[in-house]
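Source file: model-v7.cif. Holds: mmCIF, C-alpha atoms.
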data_work
loop_
_atom_site.label_atom_id
_atom_site.label_comp_id
_atom_site.auth_asym_id
_atom_site.auth_seq_id
_atom_site.Cartn_x
_atom_site.Cartn_y
_atom_site.Cartn_z
CA MET A 1 61.34 132.82 8.17
CA ARG A 2 64.71 134.21 9.18
CA ASP A 3 63.99 133.25 12.81
CA LEU A 4 63.13 129.65 11.87
CA LEU A 5 66.35 128.77 10.07
CA ASP A 6 68.26 127.40 13.09
CA ASP A 7 65.47 125.00 14.05
CA ILE A 8 64.80 124.01 10.44
CA ASP A 9 68.50 123.22 9.95
CA ARG A 10 68.45 121.08 13.08
CA TRP A 11 65.35 119.20 11.91
CA ARG A 12 66.82 118.69 8.45
CA ALA A 13 70.04 117.36 9.96
CA ALA A 14 67.95 114.90 11.97
CA GLY A 15 66.17 113.80 8.77
CA LYS A 16 62.76 115.07 9.85
CA LYS A 17 60.04 115.85 7.31
CA ILE A 18 59.05 119.51 7.59
CA ALA A 19 56.05 121.53 6.43
CA LEU A 20 56.40 125.28 5.95
CA ALA A 21 53.38 127.61 6.29
CA ARG A 22 53.76 131.19 5.10
CA VAL A 23 51.24 134.05 5.14
CA VAL A 24 50.92 135.13 1.49
CA ASP A 25 48.11 137.64 1.84
CA ILE A 26 45.99 139.38 4.48
CA GLN A 27 42.70 141.16 3.88
CA GLY A 28 41.40 143.55 6.48
CA SER A 29 42.86 143.67 9.94
CA GLY A 30 45.50 141.05 10.70
CA PRO A 31 48.10 140.73 13.40
CA ARG A 32 50.97 139.65 11.13
CA GLU A 33 52.14 140.67 7.67
CA ALA A 34 52.65 138.60 4.54
CA GLY A 35 55.82 136.59 5.10
CA ALA A 36 54.99 135.59 8.68
CA SER A 37 55.77 131.90 8.86
CA MET A 38 55.74 128.78 10.94
CA ALA A 39 57.14 125.30 10.45
CA VAL A 40 55.88 121.94 11.66
CA ASN A 41 57.86 118.72 11.65
CA GLU A 42 56.56 115.18 11.32
CA ASP A 43 56.60 114.77 15.10
CA GLY A 44 54.24 117.72 15.45
CA GLU A 45 56.87 120.11 16.83
CA VAL A 46 56.07 123.72 15.92
CA ILE A 47 58.17 126.86 15.52
CA GLY A 48 57.16 130.38 14.54
CA SER A 49 53.67 131.84 14.24
CA VAL A 50 51.39 133.27 11.57
CA SER A 51 48.76 135.16 13.58
CA GLY A 52 48.17 136.18 17.14
CA GLY A 53 47.54 132.56 18.06
CA CYS A 54 44.12 132.43 16.39
CA VAL A 55 44.78 129.94 13.58
CA GLU A 56 48.02 128.18 14.56
CA SER A 57 46.49 124.94 15.74
CA ALA A 58 44.41 124.64 12.55
CA VAL A 59 47.59 125.27 10.54
CA VAL A 60 49.34 122.43 12.37
CA THR A 61 46.50 120.06 11.44
CA GLU A 62 46.71 121.13 7.77
CA ALA A 63 50.51 120.91 7.78
CA LEU A 64 50.53 117.38 9.18
CA ALA A 65 47.94 116.28 6.58
CA ILE A 66 50.16 117.70 3.82
CA LEU A 67 53.25 115.97 5.27
CA ALA A 68 51.30 112.70 5.41
CA GLY A 69 50.43 113.08 1.71
CA GLU A 70 46.71 113.34 2.49
CA GLN A 71 46.56 116.84 1.04
CA PRO A 72 48.58 118.59 -1.69
CA SER A 73 50.59 121.76 -1.11
CA ARG A 74 48.06 124.54 -1.29
CA VAL A 75 46.72 127.91 -0.19
CA VAL A 76 44.58 127.66 2.94
CA THR A 77 42.30 130.52 3.93
CA PHE A 78 40.97 131.37 7.35
CA GLY A 79 38.17 133.89 7.42
CA TYR A 80 35.90 135.71 9.73
CA SER A 81 35.47 134.26 13.12
CA ASP A 82 31.81 133.78 13.94
CA ASP A 83 29.77 132.31 16.73
CA GLU A 84 29.51 128.82 15.30
CA ALA A 85 31.32 126.17 17.26
CA PHE A 86 34.69 125.07 15.84
CA ALA A 87 34.87 127.95 13.37
CA VAL A 88 38.46 129.00 12.99
CA GLY A 89 39.22 132.60 12.21
CA LEU A 90 40.87 135.77 13.28
CA THR A 91 39.08 137.45 16.13
CA CYS A 92 40.12 140.79 14.62
CA GLY A 93 37.85 140.11 11.62
CA GLY A 94 40.50 139.80 8.92
CA ILE A 95 41.05 137.07 6.33
CA ILE A 96 44.40 135.32 6.21
CA HIS A 97 45.73 133.28 3.26
CA LEU A 98 48.57 130.84 3.94
CA PHE A 99 50.58 128.67 1.58
CA ILE A 100 51.53 125.36 3.17
CA GLN A 101 54.01 122.99 1.54
CA PRO A 102 56.56 120.35 2.48
CA LEU A 103 60.04 121.86 2.75
CA GLU A 104 61.49 119.56 0.10
CA TRP A 105 63.30 122.17 -1.94
CA MET B 1 73.30 122.45 -2.73
CA SER B 2 69.50 122.51 -2.43
CA ALA B 3 67.50 125.68 -3.10
CA TYR B 4 66.90 125.88 0.66
CA ASP B 5 70.63 125.69 1.45
CA ILE B 6 71.40 128.43 -1.08
CA PHE B 7 68.58 130.59 0.30
CA SER B 8 69.49 130.13 3.96
CA SER B 9 73.18 130.82 3.38
CA HIS B 10 72.27 134.19 1.82
CA VAL B 11 70.00 135.05 4.76
CA ARG B 12 72.74 134.15 7.24
CA ASP B 13 75.28 136.26 5.35
CA ASN B 14 72.86 139.23 5.52
CA SER B 15 72.91 139.46 1.75
CA PRO B 16 69.62 140.28 0.00
CA VAL B 17 67.69 137.30 -1.35
CA ALA B 18 64.11 136.56 -2.37
CA LEU B 19 62.01 133.42 -2.79
CA ALA B 20 59.48 133.12 -5.61
CA THR B 21 57.08 130.25 -4.88
CA VAL B 22 54.29 128.93 -7.12
CA ILE B 23 51.30 128.85 -4.77
CA GLU B 24 48.68 127.97 -7.38
CA GLY B 25 48.75 126.56 -10.92
CA PRO B 26 51.14 124.17 -12.68
CA ASN B 27 54.13 123.18 -10.49
CA THR B 28 52.56 124.39 -7.24
CA GLY B 29 55.28 124.43 -4.61
CA ALA B 30 58.13 125.10 -7.08
CA ILE B 31 60.69 127.61 -5.84
CA LEU B 32 63.06 130.09 -7.46
CA VAL B 33 65.83 131.69 -5.35
CA VAL B 34 66.74 135.16 -6.61
CA THR B 35 69.38 137.73 -5.63
CA PRO B 36 69.97 141.19 -7.15
CA GLN B 37 72.43 139.41 -9.49
CA GLY B 38 69.77 136.95 -10.76
CA VAL B 39 68.67 133.36 -10.20
CA VAL B 40 70.89 131.38 -7.81
CA GLY B 41 68.76 128.26 -7.33
CA GLY B 42 65.56 126.37 -8.13
CA THR B 43 63.15 126.60 -11.07
CA LEU B 44 59.44 127.23 -11.57
CA GLY B 45 59.25 124.68 -14.38
CA ASN B 46 60.51 126.31 -17.58
CA ASP B 47 63.08 128.91 -18.66
CA ASP B 48 60.45 131.40 -19.85
CA ILE B 49 58.62 131.76 -16.55
CA ASP B 50 61.93 131.65 -14.63
CA ARG B 51 63.26 134.59 -16.65
CA VAL B 52 60.16 136.78 -16.20
CA VAL B 53 59.63 135.95 -12.52
CA ALA B 54 63.35 136.45 -11.77
CA ARG B 55 63.19 139.93 -13.30
CA ASP B 56 60.07 140.87 -11.28
CA THR B 57 61.44 139.28 -8.10
CA ALA B 58 64.68 141.26 -8.35
CA GLY B 59 62.53 144.41 -8.60
CA GLU B 60 60.46 143.51 -5.53
CA LEU B 61 63.63 142.64 -3.62
CA GLU B 62 65.10 146.02 -4.46
CA ALA B 63 61.97 147.62 -2.94
CA GLY B 64 61.93 145.16 -0.01
CA ARG B 65 58.38 144.09 -0.91
CA THR B 66 56.55 140.80 -0.33
CA ILE B 67 53.64 140.29 -2.74
CA VAL B 68 51.63 137.81 -4.87
CA ARG B 69 51.87 138.17 -8.69
CA HIS B 70 50.06 136.37 -11.52
CA TYR B 71 51.51 134.90 -14.72
CA GLY B 72 50.68 132.55 -17.56
CA PRO B 73 52.42 129.16 -17.64
CA HIS B 74 55.36 130.65 -19.60
CA GLY B 75 55.57 133.89 -17.69
CA GLU B 76 52.97 135.79 -19.71
CA SER B 77 52.07 138.85 -17.69
CA THR B 78 49.92 141.18 -19.82
CA PRO B 79 46.18 140.91 -19.11
CA GLU B 80 45.32 139.88 -22.70
CA ASP B 81 47.87 137.03 -22.56
CA LEU B 82 46.25 135.73 -19.39
CA VAL B 83 42.78 135.21 -20.88
CA GLU B 84 41.81 131.55 -21.22
CA THR B 85 45.07 130.18 -19.91
CA ASP B 86 46.16 128.58 -16.68
CA THR B 87 47.08 131.16 -14.12
CA VAL B 88 50.24 130.72 -12.10
CA ARG B 89 50.13 132.59 -8.82
CA VAL B 90 53.58 133.33 -7.49
CA PHE B 91 54.33 134.46 -3.94
CA ILE B 92 57.38 136.70 -3.97
CA GLU B 93 58.98 137.08 -0.56
CA SER B 94 61.86 139.50 -0.04
CA PHE B 95 64.50 138.98 2.60
CA SER B 96 66.34 142.25 2.90
CA PRO B 97 69.40 142.53 5.13
CA PRO B 98 68.53 143.78 8.62
CA PRO B 99 68.28 147.55 9.09
CA LEU B 100 71.30 149.24 10.65
CA MET B 101 71.46 151.14 13.93
CA TRP B 102 74.59 153.08 14.76
CA ILE B 103 74.78 154.20 18.38
CA PHE B 104 77.34 156.89 19.22
CA GLY B 105 78.52 157.01 22.81
CA ALA B 106 79.40 153.99 24.95
CA VAL B 107 77.19 154.67 27.98
CA ASP B 108 74.63 152.69 30.01
CA PHE B 109 71.82 153.91 27.77
CA THR B 110 73.75 152.42 24.87
CA ALA B 111 73.65 148.89 26.27
CA ALA B 112 69.90 149.09 26.89
CA LEU B 113 69.22 150.57 23.45
CA ALA B 114 71.39 147.95 21.76
CA ARG B 115 69.44 145.19 23.51
CA VAL B 116 66.06 146.58 22.48
CA ALA B 117 67.27 147.24 18.92
CA LYS B 118 68.32 143.60 18.65
CA VAL B 119 64.79 142.55 19.59
CA LEU B 120 63.54 144.61 16.64
CA GLY B 121 66.03 142.96 14.30
CA TYR B 122 68.58 145.75 13.86
CA HIS B 123 72.23 145.15 13.06
CA VAL B 124 73.74 147.26 15.85
CA THR B 125 77.08 149.09 15.78
CA VAL B 126 78.29 150.89 18.92
CA CYS B 127 80.80 153.65 18.25
CA ASP B 128 82.89 155.68 20.71
CA ALA B 129 86.36 157.23 20.49
CA ARG B 130 87.31 156.15 24.02
CA GLU B 131 89.02 152.80 23.95
CA ILE B 132 88.32 151.93 27.58
CA PHE B 133 84.56 152.36 27.15
CA ALA B 134 83.97 150.99 23.65
CA THR B 135 84.65 147.35 24.43
CA ARG B 136 82.95 144.11 23.42
CA ARG B 137 82.83 143.20 27.08
CA ARG B 138 80.52 146.12 27.84
CA PHE B 139 78.37 145.60 24.74
CA PRO B 140 78.18 141.87 24.07
CA MET B 141 74.71 142.34 22.54
CA ALA B 142 76.01 144.65 19.79
CA ASP B 143 76.96 143.17 16.43
CA GLU B 144 79.99 145.41 16.28
CA VAL B 145 81.90 147.81 18.57
CA ARG B 146 84.04 150.45 16.89
CA VAL B 147 86.67 152.64 18.57
CA THR B 148 86.59 155.69 16.33
CA TRP B 149 85.52 159.30 15.98
CA PRO B 150 82.26 159.93 14.13
CA THR B 151 83.74 161.68 11.09
CA PRO B 152 85.91 158.77 9.88
CA MET B 153 83.01 156.36 10.56
CA PHE B 154 80.67 158.37 8.31
CA THR B 155 83.36 158.95 5.68
CA GLU B 156 84.15 155.26 5.56
CA ARG B 157 80.62 153.87 5.40
CA GLY B 158 78.00 156.62 5.66
CA GLU B 159 76.70 155.71 2.21
CA ARG B 160 75.48 152.38 3.56
CA LEU B 161 72.82 154.16 5.61
CA GLY B 162 69.33 154.40 4.09
CA PRO B 163 65.72 155.20 5.00
CA ARG B 164 65.26 152.03 7.09
CA ASP B 165 68.31 152.76 9.24
CA ALA B 166 68.84 154.76 12.44
CA VAL B 167 71.61 156.83 13.99
CA CYS B 168 71.29 157.43 17.74
CA ILE B 169 73.69 159.91 19.29
CA LEU B 170 73.87 159.41 23.04
CA THR B 171 77.18 161.10 23.82
CA HIS B 172 76.03 164.45 25.35
CA ASP B 173 79.51 165.68 24.47
CA PRO B 174 79.60 168.47 21.89
CA LYS B 175 83.02 167.53 20.57
CA PHE B 176 81.58 164.15 19.71
CA ASP B 177 77.92 164.78 18.95
CA VAL B 178 78.34 167.80 16.65
CA PRO B 179 80.46 165.84 14.12
CA ALA B 180 78.15 162.84 14.55
CA ILE B 181 75.11 165.01 13.66
CA GLN B 182 76.95 166.55 10.71
CA GLY B 183 77.94 163.10 9.51
CA ALA B 184 74.43 161.70 9.88
CA LEU B 185 72.82 164.67 8.09
CA ALA B 186 75.09 164.00 5.11
CA THR B 187 73.57 160.51 4.72
CA LYS B 188 70.13 159.25 3.64
CA VAL B 189 69.52 157.69 7.09
CA GLY B 190 65.81 157.61 8.02
CA TYR B 191 66.10 158.46 11.70
CA ILE B 192 68.54 160.65 13.60
CA GLY B 193 68.02 160.96 17.37
CA VAL B 194 70.18 162.99 19.73
CA MET B 195 70.12 162.63 23.50
CA GLY B 196 70.22 165.46 25.98
CA SER B 197 68.10 167.75 28.10
CA ARG B 198 66.21 170.62 26.56
CA LYS B 199 69.03 172.90 27.74
CA THR B 200 71.63 170.66 26.08
CA HIS B 201 69.54 170.67 22.94
CA ALA B 202 69.44 174.48 22.86
CA LYS B 203 73.21 174.72 23.35
CA ARG B 204 73.73 172.06 20.71
CA LEU B 205 71.75 174.11 18.20
CA GLU B 206 74.11 177.04 18.89
CA ARG B 207 77.16 174.85 18.28
CA LEU B 208 75.65 173.45 15.11
CA ALA B 209 75.00 177.01 13.94
CA GLU B 210 78.69 177.82 14.59
CA VAL B 211 79.72 175.08 12.17
CA GLY B 212 77.16 176.21 9.60
CA VAL B 213 74.29 173.78 10.22
CA THR B 214 71.34 176.18 10.19
CA ASN B 215 69.12 174.92 7.38
CA PRO B 216 65.67 174.28 8.96
CA ALA B 217 65.04 171.36 6.58
CA GLU B 218 68.21 169.69 7.85
CA LEU B 219 67.53 170.49 11.50
CA SER B 220 64.00 169.10 11.20
CA ARG B 221 65.54 165.67 10.55
CA LEU B 222 66.90 165.65 14.12
CA HIS B 223 64.84 164.03 16.85
CA SER B 224 66.17 165.95 19.79
CA PRO B 225 65.82 165.44 22.68
CA ILE B 226 65.64 161.81 21.55
CA GLY B 227 62.61 159.59 22.29
CA LEU B 228 58.88 159.67 22.95
CA ASP B 229 57.52 161.44 26.01
CA LEU B 230 56.79 158.31 28.06
CA GLY B 231 58.05 159.76 31.33
CA GLY B 232 60.48 156.87 31.88
CA ARG B 233 63.87 157.32 33.50
CA THR B 234 65.91 154.13 33.43
CA PRO B 235 68.16 153.24 30.50
CA GLU B 236 65.73 150.45 29.56
CA GLU B 237 62.67 152.71 29.65
CA THR B 238 64.57 155.30 27.65
CA ALA B 239 65.52 152.65 25.09
CA ILE B 240 61.84 151.76 24.65
CA SER B 241 60.94 155.42 24.17
CA ILE B 242 63.67 155.74 21.50
CA VAL B 243 62.63 152.70 19.46
CA GLY B 244 58.99 153.76 19.89
CA GLU B 245 59.90 157.09 18.31
CA ILE B 246 61.75 155.32 15.48
CA ILE B 247 58.66 153.22 14.70
CA ALA B 248 56.33 156.22 14.88
CA ALA B 249 58.67 158.24 12.62
CA ARG B 250 58.53 155.43 10.05
CA THR B 251 54.75 155.03 10.15
CA GLY B 252 53.98 158.72 10.50
CA ARG B 253 51.81 158.14 13.56
CA GLU B 254 51.50 160.40 16.57
CA ALA B 255 52.14 157.55 19.02
CA ARG B 256 49.04 158.16 21.13
CA SER B 257 47.17 155.39 22.94
CA LEU B 258 44.96 153.40 20.56
CA GLY B 259 42.20 153.80 23.12
CA ALA B 260 42.30 157.55 22.50
CA THR B 261 42.21 157.35 18.69
CA ASP B 262 39.91 156.13 15.90
CA GLY B 263 40.60 154.49 12.57
CA PRO B 264 42.44 151.40 11.40
CA ILE B 265 45.16 150.06 13.69
CA HIS B 266 47.52 148.74 11.04
#

Write the structure described by the file as structure tokens, please.
Amino acid sequence: MRDLLDDIDRWRAAGKKIALARVVDIQGSGPREAGASMAVNEDGEVIGSVSGGCVESAVVTEALAILAGEQPSRVVTFGYSDDEAFAVGLTCGGIIHLFIQPLEW
Amino acid sequence: MSAYDIFSSHVRDNSPVALATVIEGPNTGAILVVTPQGVVGGTLGNDDIDRVVARDTAGELEAGRTIVRHYGPHGESTPEDLVETDTVRVFIESFSPPPLMWIFGAVDFTAALARVAKVLGYHVTVCDAREIFATRRRFPMADEVRVTWPTPMFTERGERLGPRDAVCILTHDPKFDVPAIQGALATKVGYIGVMGSRKTHAKRLERLAEVGVTNPAELSRLHSPIGLDLGGRTPEETAISIVGEIIAARTGREARSLGATDGPIH
């Protein structure tokens, strides 16, 4: 999150609503450790990353839904990638748990 | 000030801080900002849980760990207290100050190493006794440039160095690198690398013996000649081989190609 602070400050100064997504746990093989984070503002601008690019776009969708009040702050889990269309997961076979919340604290 | 403002100002000041966030249970999303001195912002909902989580968070911060812990709604943490009660899952995230790298010798290799070290998040100090070489102008990427001999540098702040930190001695000059090695060996620094050819290394061992540094346990802490055997030549390639060795020293790996090994990658 250290790397995100400059952009977050800029967004806050501009009065943008921001959602913060942080990796809280990884099971099995995963490209990033707990603490990896990304932030999404209400305009859909994105900074940071939480995997090797496998789940970021799904995280943006979840983050925007939380910012819009359609979903509560919560833990979102992405699991094994399989052959089914639209399945979102880590190609490396791990399971990633993210906590996504509005940055209103 | 908001909890976020308090948190971010600590991160910017490079002072240790941790966030405890309720990720499941009552008050999901609530935040507590904790430093080694205690709570500096936010609340998880009641004084009881704040007190218990603050104590645990300070412990995790001390160890530099990031972890999920479980409590009852008032901070209950023994397994019997957690039966038939709401569980509060708390994500504790530690933000330790960046690791330190001290580079002795203001040479071309120094600039390349400082650049690469910055990519890895080190706070970099370049140190050389020669005023005309140790300048900000030559090392704009370093966090700090010190004109000093090694001994006073280690006397003044050697105790700041710990297992996450690195000392890289690139001087090649015995009157500078011998006291730098002695100074580094007197600290708890995790990595000590010393540049030079194999011939220089052999001569350096003789000079160290002359000043009484002969203990094999001490000498085994030296990575000399510095760096992994990548076969590179340029300052930039050398810098990569040095930080590669630092990472491998930390993880205890042999730094072979993954294609040539088995077992888990991480």

Interface list for chain A, partner chain B, 8 Å threshold, all atoms listed in the file, as a ChimeraX atom specification: /A:2,5,24-25,29-30,34-35,73-75,99,101,105

Resulting file, chosen residues, C-alpha atoms, as a compact mmCIF listing (two decimals), in the coordinates of the input:
# COMPACT_ATOMS: atom_id res chain seq x y z
CA ARG A 2 64.71 134.21 9.18
CA LEU A 5 66.35 128.77 10.07
CA VAL A 24 50.92 135.13 1.49
CA ASP A 25 48.11 137.64 1.84
CA SER A 29 42.86 143.67 9.94
CA GLY A 30 45.50 141.05 10.70
CA ALA A 34 52.65 138.60 4.54
CA GLY A 35 55.82 136.59 5.10
CA SER A 73 50.59 121.76 -1.11
CA ARG A 74 48.06 124.54 -1.29
CA VAL A 75 46.72 127.91 -0.19
CA PHE A 99 50.58 128.67 1.58
CA GLN A 101 54.01 122.99 1.54
CA TRP A 105 63.30 122.17 -1.94

field: Within 9 Å of region 50-54 of chain A using all atoms listed in the file, minus same-chain residues under 2 positions, as an MDAnalysis selection string
entry: chainID A and resid 21:23 30:38 48 56:59 88:91 96 98

Would you mind exporting C-alpha atoms of the selected residues as a compact mmCIF listing (two decimals), keeping the file's coordinate frame?
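Once written, again25.txt looks like this:
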# COMPACT_ATOMS: atom_id res chain seq x y z
CA ALA A 21 53.38 127.61 6.29
CA ARG A 22 53.76 131.19 5.10
CA VAL A 23 51.24 134.05 5.14
CA GLY A 30 45.50 141.05 10.70
CA PRO A 31 48.10 140.73 13.40
CA ARG A 32 50.97 139.65 11.13
CA GLU A 33 52.14 140.67 7.67
CA ALA A 34 52.65 138.60 4.54
CA GLY A 35 55.82 136.59 5.10
CA ALA A 36 54.99 135.59 8.68
CA SER A 37 55.77 131.90 8.86
CA MET A 38 55.74 128.78 10.94
CA GLY A 48 57.16 130.38 14.54
CA GLU A 56 48.02 128.18 14.56
CA SER A 57 46.49 124.94 15.74
CA ALA A 58 44.41 124.64 12.55
CA VAL A 59 47.59 125.27 10.54
CA VAL A 88 38.46 129.00 12.99
CA GLY A 89 39.22 132.60 12.21
CA LEU A 90 40.87 135.77 13.28
CA THR A 91 39.08 137.45 16.13
CA ILE A 96 44.40 135.32 6.21
CA LEU A 98 48.57 130.84 3.94

task: Excluding Thr171 (chain B) and residues on its chain fewer than 3 positions from it, collect all residues at most 7 Å away from it, counting all atoms listed in the file, and give them as number ranges by chain.
output: B: 104-105, 176-177

message: Need the shell around Ala166 (chain B): protein/DNA/RNA residues with any atom at most 10 Å away, counting all atoms listed in the file. Skip same-chain ones fewer than 4 positions apart. Format as a ChimeraX atom specification?
response: /B:99-103,122,124,161-162,184,188-193,243,246

Extending 5 Å beyond the listed atoms of region 148-162 of chain B on each side, what axis-aligned box results? I want centre and edge lengths in Å to one decimal, as lines of an AutoDock Vina configuration file.
center_x = 78.0
center_y = 157.0
center_z = 9.3
size_x = 27.3
size_y = 19.3
size_z = 24.1

Generate the coordinates of N, CA and C atoms for region 22-40 of chain A; report them as an mmCIF file, in the frame of the given file.
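Wrote part-v2.cif, looks like this:
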data_model
loop_
_atom_site.group_PDB
_atom_site.id
_atom_site.type_symbol
_atom_site.label_atom_id
_atom_site.label_comp_id
_atom_site.auth_asym_id
_atom_site.auth_seq_id
_atom_site.Cartn_x
_atom_site.Cartn_y
_atom_site.Cartn_z
ATOM 1 N N ARG A 22 53.425 129.764 5.193
ATOM 2 C CA ARG A 22 53.760 131.190 5.100
ATOM 3 C C ARG A 22 52.513 132.005 4.785
ATOM 4 N N VAL A 23 52.339 133.141 5.459
ATOM 5 C CA VAL A 23 51.240 134.050 5.140
ATOM 6 C C VAL A 23 51.562 134.702 3.798
ATOM 7 N N VAL A 24 50.676 134.511 2.797
ATOM 8 C CA VAL A 24 50.920 135.130 1.490
ATOM 9 C C VAL A 24 50.063 136.372 1.281
ATOM 10 N N ASP A 25 48.963 136.462 2.013
ATOM 11 C CA ASP A 25 48.110 137.640 1.840
ATOM 12 C C ASP A 25 47.216 137.794 3.064
ATOM 13 N N ILE A 26 46.901 139.049 3.373
ATOM 14 C CA ILE A 26 45.990 139.380 4.480
ATOM 15 C C ILE A 26 44.973 140.366 3.935
ATOM 16 N N GLN A 27 43.704 140.155 4.214
ATOM 17 C CA GLN A 27 42.700 141.160 3.880
ATOM 18 C C GLN A 27 42.101 141.669 5.183
ATOM 19 N N GLY A 28 41.947 142.961 5.263
ATOM 20 C CA GLY A 28 41.400 143.550 6.480
ATOM 21 C C GLY A 28 42.443 143.543 7.584
ATOM 22 N N SER A 29 41.968 143.577 8.795
ATOM 23 C CA SER A 29 42.860 143.670 9.940
ATOM 24 C C SER A 29 43.513 142.316 10.208
ATOM 25 N N GLY A 30 44.815 142.307 10.385
ATOM 26 C CA GLY A 30 45.500 141.050 10.700
ATOM 27 C C GLY A 30 46.705 141.355 11.562
ATOM 28 N N PRO A 31 47.017 140.452 12.467
ATOM 29 C CA PRO A 31 48.100 140.730 13.400
ATOM 30 C C PRO A 31 49.488 140.621 12.772
ATOM 31 N N ARG A 32 49.641 139.826 11.723
ATOM 32 C CA ARG A 32 50.970 139.650 11.130
ATOM 33 C C ARG A 32 50.920 139.979 9.641
ATOM 34 N N GLU A 33 52.083 140.307 9.081
ATOM 35 C CA GLU A 33 52.140 140.670 7.670
ATOM 36 C C GLU A 33 52.410 139.444 6.807
ATOM 37 N N ALA A 34 52.242 139.632 5.479
ATOM 38 C CA ALA A 34 52.650 138.600 4.540
ATOM 39 C C ALA A 34 54.124 138.278 4.810
ATOM 40 N N GLY A 35 54.445 136.999 4.788
ATOM 41 C CA GLY A 35 55.820 136.590 5.100
ATOM 42 C C GLY A 35 55.935 135.976 6.487
ATOM 43 N N ALA A 36 54.968 136.254 7.370
ATOM 44 C CA ALA A 36 54.990 135.590 8.680
ATOM 45 C C ALA A 36 54.935 134.080 8.443
ATOM 46 N N SER A 37 55.686 133.321 9.201
ATOM 47 C CA SER A 37 55.770 131.900 8.860
ATOM 48 C C SER A 37 55.895 131.023 10.091
ATOM 49 N N MET A 38 55.511 129.784 9.913
ATOM 50 C CA MET A 38 55.740 128.780 10.940
ATOM 51 C C MET A 38 56.117 127.474 10.254
ATOM 52 N N ALA A 39 56.751 126.590 10.991
ATOM 53 C CA ALA A 39 57.140 125.300 10.450
ATOM 54 C C ALA A 39 56.737 124.217 11.433
ATOM 55 N N VAL A 40 56.370 123.075 10.860
ATOM 56 C CA VAL A 40 55.880 121.940 11.660
ATOM 57 C C VAL A 40 56.657 120.719 11.191
#
